[in-house]
>>> print(open('target.cif').read())   # mmCIF, C-alpha atoms
data_model
#
loop_
_atom_site.label_atom_id
_atom_site.label_comp_id
_atom_site.auth_asym_id
_atom_site.auth_seq_id
_atom_site.Cartn_x
_atom_site.Cartn_y
_atom_site.Cartn_z
CA MET A 209 84.59 -6.76 135.64
CA ASP A 210 84.23 -6.07 131.94
CA GLY A 211 87.03 -4.90 129.71
CA GLN A 212 86.19 -1.20 129.94
CA ASP A 213 86.16 -1.19 133.73
CA TYR A 214 89.52 -2.95 133.75
CA LEU A 215 91.06 -0.37 131.43
CA ASP A 216 89.65 2.49 133.51
CA GLN A 217 91.17 1.03 136.68
CA ILE A 218 94.59 0.66 135.06
CA SER A 219 94.40 4.20 133.69
CA ALA A 220 93.54 5.62 137.11
CA SER A 221 96.35 3.78 138.84
CA ASN A 222 98.90 5.01 136.32
CA ARG A 223 97.99 8.72 136.60
CA PRO A 224 100.74 10.76 138.24
CA ILE A 225 99.85 12.03 141.69
CA LYS A 226 99.58 15.83 141.62
CA LYS A 227 101.88 17.47 144.11
CA LYS A 228 100.48 20.33 146.06
CA ARG A 229 101.91 23.59 144.82
CA SER A 230 103.70 25.36 147.59
CA SER A 231 102.20 28.75 148.19
CA PHE A 232 104.55 31.70 147.57
CA LEU A 233 103.39 33.26 150.84
CA SER A 234 104.52 30.21 152.80
CA SER A 235 107.84 29.74 150.99
CA LYS A 236 111.14 30.13 152.84
CA PHE A 237 112.26 32.88 150.48
CA PHE A 238 109.20 34.97 151.22
CA LEU A 239 109.53 34.52 155.00
CA VAL A 240 113.21 35.47 154.97
CA GLY A 241 112.47 38.50 152.77
CA ALA A 242 109.59 39.62 154.96
CA ILE A 243 111.67 39.38 158.14
CA GLY A 244 114.51 41.29 156.49
CA LEU A 245 112.14 44.02 155.31
CA ALA A 246 110.57 44.33 158.77
CA CYS A 247 114.02 44.70 160.36
CA LEU A 248 114.96 47.36 157.81
CA ILE A 249 111.78 49.34 158.51
CA VAL A 250 112.44 49.19 162.28
CA ILE A 251 116.02 50.42 161.75
CA ILE A 252 114.81 53.29 159.54
CA ILE A 253 112.17 54.32 162.09
CA ILE A 254 114.64 54.26 164.98
CA GLY A 255 117.18 56.22 162.94
CA SER A 256 114.66 58.85 161.91
CA VAL A 257 113.46 59.24 165.51
CA LEU A 258 116.99 59.71 166.80
CA SER A 259 118.00 62.12 164.05
CA GLY A 260 114.61 63.83 164.22
CA GLY A 261 115.20 64.68 167.87
CA LYS A 262 118.50 66.35 167.06
CA ASN A 263 117.11 68.13 164.03
CA SER A 264 114.11 69.23 166.05
CA GLU A 265 116.29 70.93 168.66
CA LYS A 266 118.48 72.46 165.97
CA ASN A 267 115.62 73.63 163.75
CA LEU A 268 113.62 74.99 166.67
CA SER A 269 116.66 76.95 167.81
CA TYR A 270 117.33 78.28 164.30
CA ALA A 271 113.70 79.34 163.92
CA LEU A 272 113.78 81.06 167.31
CA ALA A 273 116.98 82.93 166.43
CA LEU A 274 115.40 84.29 163.25
CA HIS A 275 112.15 85.14 165.04
CA ILE A 276 114.01 87.07 167.74
CA ASP A 277 116.09 89.05 165.24
CA ASN A 278 113.08 89.84 163.04
CA THR A 279 110.99 90.99 166.00
CA ALA A 280 113.84 93.15 167.30
CA THR A 281 114.21 94.77 163.88
CA ILE A 282 110.52 95.68 163.69
CA ILE A 283 110.43 97.04 167.25
CA LYS A 284 113.39 99.27 166.46
CA GLU A 285 111.62 100.51 163.33
CA TYR A 286 108.39 101.53 165.08
CA GLN A 287 109.43 102.28 168.66
CA SER A 288 110.07 106.00 168.07
CA ASP A 289 106.62 106.38 166.47
CA LEU A 290 104.78 105.26 169.59
CA LYS A 291 102.92 108.08 171.35
CA SER A 292 102.93 106.56 174.84
CA SER A 293 106.16 107.00 176.79
CA ASN A 294 105.25 103.94 178.89
CA LEU A 295 104.86 101.88 175.74
CA ARG A 296 108.16 103.14 174.35
CA SER A 297 109.80 102.19 177.64
CA SER A 298 108.33 98.69 177.50
CA ALA A 299 109.46 98.34 173.88
CA ALA A 300 112.97 99.39 174.90
CA SER A 301 112.99 96.78 177.68
CA LEU A 302 111.85 94.13 175.24
CA SER A 303 114.57 95.13 172.77
CA GLY A 304 117.15 94.69 175.53
CA VAL A 305 115.91 91.18 176.37
CA LEU A 306 115.83 90.17 172.71
CA ALA A 307 119.34 91.50 172.12
CA ASP A 308 120.67 89.59 175.13
CA THR A 309 118.97 86.34 174.14
CA SER A 310 119.99 86.72 170.50
CA GLY A 311 123.64 87.18 171.45
CA LYS A 312 123.72 84.17 173.76
CA LEU A 313 121.73 81.93 171.42
CA THR A 314 123.77 82.89 168.36
CA ASN A 315 127.03 82.16 170.18
CA TYR A 316 125.69 78.80 171.33
CA LEU A 317 124.47 77.82 167.85
CA SER A 318 127.69 79.00 166.23
CA GLU A 319 129.77 76.82 168.52
CA LYS A 320 127.54 73.75 168.27
CA TYR A 321 126.29 73.92 164.67
CA ASN A 322 128.47 76.56 163.01
CA TYR A 323 125.28 78.63 162.71
CA LYS A 324 124.98 81.20 159.95
CA PRO A 325 121.64 82.88 159.17
CA ASN A 326 122.10 82.36 155.42
CA ASP A 327 122.60 78.62 155.89
CA VAL A 328 119.29 78.05 157.67
CA ASP A 329 116.87 75.64 155.99
CA GLN A 330 114.92 77.42 153.25
CA LYS A 331 111.52 76.48 154.70
CA ILE A 332 112.45 77.94 158.08
CA LYS A 333 113.66 81.18 156.46
CA GLU A 334 110.56 81.47 154.30
CA GLN A 335 108.26 81.01 157.30
CA ALA A 336 110.20 83.57 159.34
CA THR A 337 110.12 86.08 156.48
CA LEU A 338 106.40 85.53 155.95
CA GLU A 339 105.66 86.21 159.62
CA LYS A 340 107.90 89.27 159.66
CA ASP A 341 106.28 90.74 156.54
CA GLY A 342 102.82 90.16 158.02
CA LEU A 343 103.70 91.93 161.26
CA GLU A 344 105.37 94.80 159.47
CA SER A 345 102.39 95.24 157.16
CA ASP A 346 99.95 95.36 160.10
CA LEU A 347 102.04 97.93 161.98
CA PHE A 348 102.55 100.10 158.92
CA GLU A 349 98.80 100.17 158.30
CA ALA A 350 98.19 100.98 161.97
CA LYS A 351 100.69 103.82 161.79
CA ILE A 352 99.09 105.53 158.79
CA ASN A 353 95.64 105.09 160.39
CA GLY A 354 96.76 106.67 163.66
CA VAL A 355 96.23 103.58 165.83
CA LEU A 356 99.82 102.37 166.12
CA ASP A 357 99.97 102.24 169.93
CA ARG A 358 96.91 99.99 170.19
CA ILE A 359 97.91 97.63 167.37
CA PHE A 360 101.57 97.60 168.42
CA THR A 361 100.54 96.51 171.92
CA HIS A 362 98.32 93.75 170.60
CA LYS A 363 100.77 92.46 167.99
CA ILE A 364 103.87 92.57 170.17
CA SER A 365 102.03 90.84 173.02
CA TYR A 366 101.28 88.05 170.58
CA GLU A 367 104.91 87.91 169.38
CA ILE A 368 106.14 87.67 172.97
CA SER A 369 103.74 84.79 173.70
CA MET A 370 104.93 82.98 170.56
CA LEU A 371 108.58 83.47 171.50
CA MET A 372 107.86 82.07 174.96
CA THR A 373 106.13 79.06 173.39
CA GLU A 374 109.14 78.41 171.14
CA GLU A 375 111.53 78.71 174.07
CA ALA A 376 109.47 76.28 176.14
CA LYS A 377 109.58 73.74 173.29
CA ILE A 378 113.35 74.03 173.05
CA GLN A 379 113.73 73.69 176.80
CA ASN A 380 111.68 70.49 176.71
CA SER A 381 113.56 69.06 173.72
CA THR A 382 117.15 69.59 174.89
CA LYS A 383 119.31 68.11 177.60
CA ASP A 384 122.03 70.70 177.06
CA GLU A 385 122.30 72.73 180.26
CA THR A 386 123.69 75.80 178.47
CA LEU A 387 120.76 75.97 176.08
CA GLN A 388 118.29 75.31 178.88
CA GLU A 389 119.77 78.19 180.86
CA ILE A 390 119.51 80.57 177.88
CA MET A 391 115.88 79.62 177.33
CA SER A 392 114.99 79.78 181.03
CA THR A 393 116.48 83.25 181.51
CA SER A 394 114.84 84.63 178.38
CA TYR A 395 111.47 83.05 179.19
CA SER A 396 111.44 84.61 182.64
CA SER A 397 112.30 88.07 181.27
CA LEU A 398 109.76 87.84 178.47
CA SER A 399 107.08 86.79 180.95
CA THR A 400 107.60 89.99 182.95
CA ILE A 401 107.52 92.18 179.84
CA TYR A 402 104.48 90.36 178.48
CA ASP A 403 102.52 91.44 181.55
CA LYS A 404 103.43 95.07 180.84
CA PHE A 405 102.17 94.86 177.27
CA ASN A 406 99.14 92.77 178.13
CA ASN A 407 98.08 95.17 180.90
CA TYR A 408 98.78 98.29 178.90
CA SER A 409 95.93 100.72 178.44
CA GLU A 410 95.92 103.80 176.23
CA THR A 411 94.50 105.70 179.19
CA ASN A 412 97.72 105.09 181.20
#
>>> encode(input="target.cif", output="structure tokens")
Amino acid sequence: MDGQDYLDQISASNRPIKKKRSSFLSSKFFLVGAIGLACLIVIIIIGSVLSGGKNSEKNLSYALALHIDNTATIIKEYQSDLKSSNLRSSAASLSGVLADTSGKLTNYLSEKYNYKPNDVDQKIKEQATLEKDGLESDLFEAKINGVLDRIFTHKISYEISMLMTEEAKIQNSTKDETLQEIMSTSYSSLSTIYDKFNNYSETN
């Protein structure tokens, strides 16, 4: 072994051994943080699901209350302008059902949520107002064009079907027997009146 080989061997043996750098992804701190974050996400999801169920029932009920009152207001506005006595009679029956449901639902919401129409979520109010304005505009145009009976029948049939859909959703989302009873009674009454509107003919 010549002198250079000897020096190289000594140099190699004296080099510090490089330690493997521990990966950040495999460090204890990362694992603990990841587990903590996962637990937090699970807690947030569970909390939002639980609160979402309650808010869903509440918001659906608030939206229904506004929809009922808005529909009743429009029926009252145009009922006397209808030419058909049968249609006026059906409209009067519908007004009675809506008034009864509105009273019961408002009392229920007032007791459970301290319900006040002005305190309803802004998005719910805006949607209800938008739908009311659209219905009112269509009926006003029908009135000045002399086709109110036909359009009133079509539009109110649609409103009844939407109210029934909303009531079915509430019935499925609540375990409160009082609310279920209110929805069940109203749904049954609306179903009967819907048939009258849906089967109405201007030749009757």
>>> atom_distance(input="target.cif", atom1="CA of Leu317 in chain A", atom2="CA of Ser399 in chain A")
23.5 Å
>>> resolve_selection(input="target.cif", expression="the PyMOL selection byres ((chain A and resi 350) around 12)", output="JSON list (two decimals) with C-alpha atoms, in the coordinates of the input")
[["chain", "number", "residue", "atom", "x", "y", "z"],
["A", 286, "TYR", "CA", 108.39, 101.53, 165.08],
["A", 289, "ASP", "CA", 106.62, 106.38, 166.47],
["A", 290, "LEU", "CA", 104.78, 105.26, 169.59],
["A", 343, "LEU", "CA", 103.70, 91.93, 161.26],
["A", 344, "GLU", "CA", 105.37, 94.80, 159.47],
["A", 345, "SER", "CA", 102.39, 95.24, 157.16],
["A", 346, "ASP", "CA", 99.95, 95.36, 160.10],
["A", 347, "LEU", "CA", 102.04, 97.93, 161.98],
["A", 348, "PHE", "CA", 102.55, 100.10, 158.92],
["A", 349, "GLU", "CA", 98.80, 100.17, 158.30],
["A", 351, "LYS", "CA", 100.69, 103.82, 161.79],
["A", 352, "ILE", "CA", 99.09, 105.53, 158.79],
["A", 353, "ASN", "CA", 95.64, 105.09, 160.39],
["A", 354, "GLY", "CA", 96.76, 106.67, 163.66],
["A", 355, "VAL", "CA", 96.23, 103.58, 165.83],
["A", 356, "LEU", "CA", 99.82, 102.37, 166.12],
["A", 357, "ASP", "CA", 99.97, 102.24, 169.93],
["A", 358, "ARG", "CA", 96.91, 99.99, 170.19],
["A", 359, "ILE", "CA", 97.91, 97.63, 167.37],
["A", 360, "PHE", "CA", 101.57, 97.60, 168.42],
["A", 361, "THR", "CA", 100.54, 96.51, 171.92],
["A", 362, "HIS", "CA", 98.32, 93.75, 170.60],
["A", 363, "LYS", "CA", 100.77, 92.46, 167.99]]
>>> closest_residue(input="target.cif", among="A:Ser297, A:Ser303, A:Lys320, A:Ser409", to="Ser394 in chain A", atoms="only C-alpha atoms")
A:Ser303
>>> residues_near_point(input="target.cif", point="(99.4, 94.1, 177.9)", cutoff="12 Å", atoms="all atoms listed in the file", output="PyMOL selection string")
chain A and resi 294-295+298-299+357-369+399-410+412
>>> resolve_selection(input="target.cif", expression="the PyMOL selection byres ((chain A and resi 380-390) around 8)", output="ChimeraX atom specification")
/A:261,264-265,309,312-313,316,376-379,391-394
>>> resolve_selection(input="target.cif", expression="the PyMOL selection byres ((chain A and resi 275) around 12)", output="ChimeraX atom specification")
/A:268-274,276-282,306-307,309-310,313,325,332-341,343,367-368,370-375
>>> atom_distance(input="target.cif", atom1="CA of Asn315 in chain A", atom2="CA of Lys284 in chain A")
22.2 Å
>>> atom_distance(input="target.cif", atom1="CA of Tyr323 in chain A", atom2="CA of Lys266 in chain A")
9.7 Å
